[in-house]
Structures are given as structure tokens and as C-alpha cells.
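These notes are about the structure you will find just below.
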Amino acid sequence: MRPRTLAASVAGALVVASSVLAAVAFAGGAQQTHPRLTVFAAASLTDVFPQIDSHARYSFGGSNMLAAQIQQGLPADVFASANTSLPWQLHRQGLVTRPVVFTANRLVVVVAHGNPQNIRSVGALERSGLRLVMAAAGVPVGDYTRKVLKRLGLSDLVDKAVSQETDVREVLAKVVLGEADAGFVYATDAKTVKGKVSLVGIPSSAQPQVLYAAAAVKSSEHLRAAKAWVKRLRSKPAQKKLRAAGFLRFPH
């Protein structure tokens with residue numbers, strides 16, 4: 001190979017190598033700017049969160065279980081709970097940033113489609129032979145359920161429940177599959193199985209205040225992005241999707 005040709009080949013190779021390195025550096029910078037966050041979120045957010053951000057990696061479940069996993073050190077960037085007490089508990093422990101309330105919900109009773117048991121009120125759940133299901137104590141929806149029953153003087157129904165589930169979607173599934181006659185869930189969860197269940201309203205005087213709060217996990221490798229993600233939940237586009245899914249406006 002003649003010297004001029006060799007020099008040209010080396011120069012060309014250096015240009016290609018520089019271009020590859022630049023592309024890799026750009027991709028790496030883009031990943032740092034828009035990392036794929038891991039979001040631990042309440043089961044009731046299963047359908048709406050991917051609509052708000054389809055890029056994130058989600059782990060849905062009972063908020064109490066997810067909070068325990070964060071306490072145990074499982075890697076997560078954001079925690080979104082179906083109550084405010086769990087995020088604040090983690091905040092006091094120094095594990096998450098200051099919680100931000102981003103939406104609200106309400107509780108309803110779901111019964112088999114067409115209401116074959118003719119359940120017209122919460123009080124009717126005391127009828128002998130009815131199979132009632134609810135979430136366990138400590139699970140936000142389970143705690144809200146107990147507040148409702150206490151306010152209505154029906155706390156004895158807690159011990160009569162045929163099962164105590166780990167999250168709201170499990171309660172819903174029991175009724176949809178015919179394994180229970182009635183269950184306490186969020187209105188948004190009932191909406192996801194429209195046509196498969198019927199609803200029984202809860203008196204407004206007994207309705208608990210159901211607020212959702214989110215926070216960034218301080219141990220996150222992408223803390224800045226996690227904080228921005230939490231802030232995004234209160235943006236107009238995110239709130240529009242939450243409203244469309246049946247979630248309620250939250251008190252500012």
C-alpha cells in the first residue's frame with residue numbers, strides 16, 4: 001500500500017472511531033437525561049400510570065407491601081401510595097423525599113353483575129350467608145374499609161369476611177370470579193371491569209378521604225429524574241389521564 005493511501009485509510013478509521021464514540025457518548029447522555037425509572041405504585045394505579053408514562057418500569061401491589069420493600073432496600077426510584085400515611089412514614093425515616101398528594105378516590109361496594117343477591121346497601125352485607133371480601137388491615141383500601149364499617153356501626157363484618165386480601169385488585173378479582181358476593185374497592189378499580197360487576201354506594205357520611213401521595217426514593221441513582229417524575233403527576237396532562245380513569249381532584 002502506498003504511503004498516501006495508508007495515511008488516508010488511517011485518517012478514515014479515526015473519523016469512524018470518533019463518530020462511534022460520539023454516538024455512544026450521546027446515547028449515554030440521553031440515558032442519564034431520561035433514565036428508565038422504577039416506580040413502586042399502589043395496585044389501583046395499574047391501568048393509569050402506564051398511560052402517564054409508558055417508559056417507566058412498574059411494580060404494582062399493596063402500598064404497605066411496597067413500603068416494606070423500600071425499607072428493606074429494594075431498588076426503586078418512586079413510591080406512589082394509595083394513602084398519605086405510608087409515604088410520610090418513609091419520609092420520617094429518611095427514605096423518601098417530602099410526599100406530594102396528586103389525586104383522590106372514593107370507596108364503593110362491588111357485587112356480582114346484575115346484583116343477584118339484591119344487595120342494596122352496606123347494611124345488607126350483614127345478611128346471613130353472604131360472602132364478603134375485603135383487603136387486610138394495613139393495606140390502604142383495607143384500612144379505609146374498616147373506617148367505613150366503623151362509621152356505620154358494622155365493624156363486626158370485618159371478622160365475617162371470607163378472606164382478607166393483600167391489595168384492592170385481589171378483592172375485585174374475587175367478586176368478578178364469583179368467589180365472593182361483595183367486596184370493598186375503589187371506584188376506579190370497579191371502572192376497569194365495567195359490565196362485570198354492579199355497584200352499591202356508600203353513604204357520603206361514612207366515605208373516608210382517600211388521598212394518594214407520591215415521593216422520590218432518596219437512595220435512587222436517578223434522584224433528580226425521580227423528583228421530576230413525582231412533580232409530573234400534578235401536571236395537566238397527567239391529571240387529565242387520572243380524571244379520565246375516574247380518579248378525583250385532590251385538595252390543594
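Going through the C-alpha cells in order, the chains are called A, B, and so on, while each chain numbers its residues from 1 and the ligands are numbered from 1 in the order shown.
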Near Ala80 in chain A, counting only C-alpha atoms, which residues have an atom at most 12 Å away, once you skip same-chain residues fewer than 5 positions from it, shown as a ChimeraX atom specification? /A:38-46,49,58-64,66-67,70,85-88,90,96-97,99-103,211-217,226,229-231,233
Between A:Ala182, A:Val171, A:Ala112, A:Leu95, which one has atoms that come closest to Leu125 in chain A, using only C-alpha atoms?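 The answer is A:Ala182, which sits nearest to Leu125 in chain A.
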Rounded to one decimal, what separation in Å do you get between CA of Val48 in chain A and CA of Lys218 in chain A?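 Spanning CA of Val48 in chain A to CA of Lys218 in chain A is a straight-line distance of 24.5 Å.
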Name the residues of range 161-249 of chain A that come out as alpha helix (DSSP H) in a backbone DSSP run; write them as a count of residues only. 33
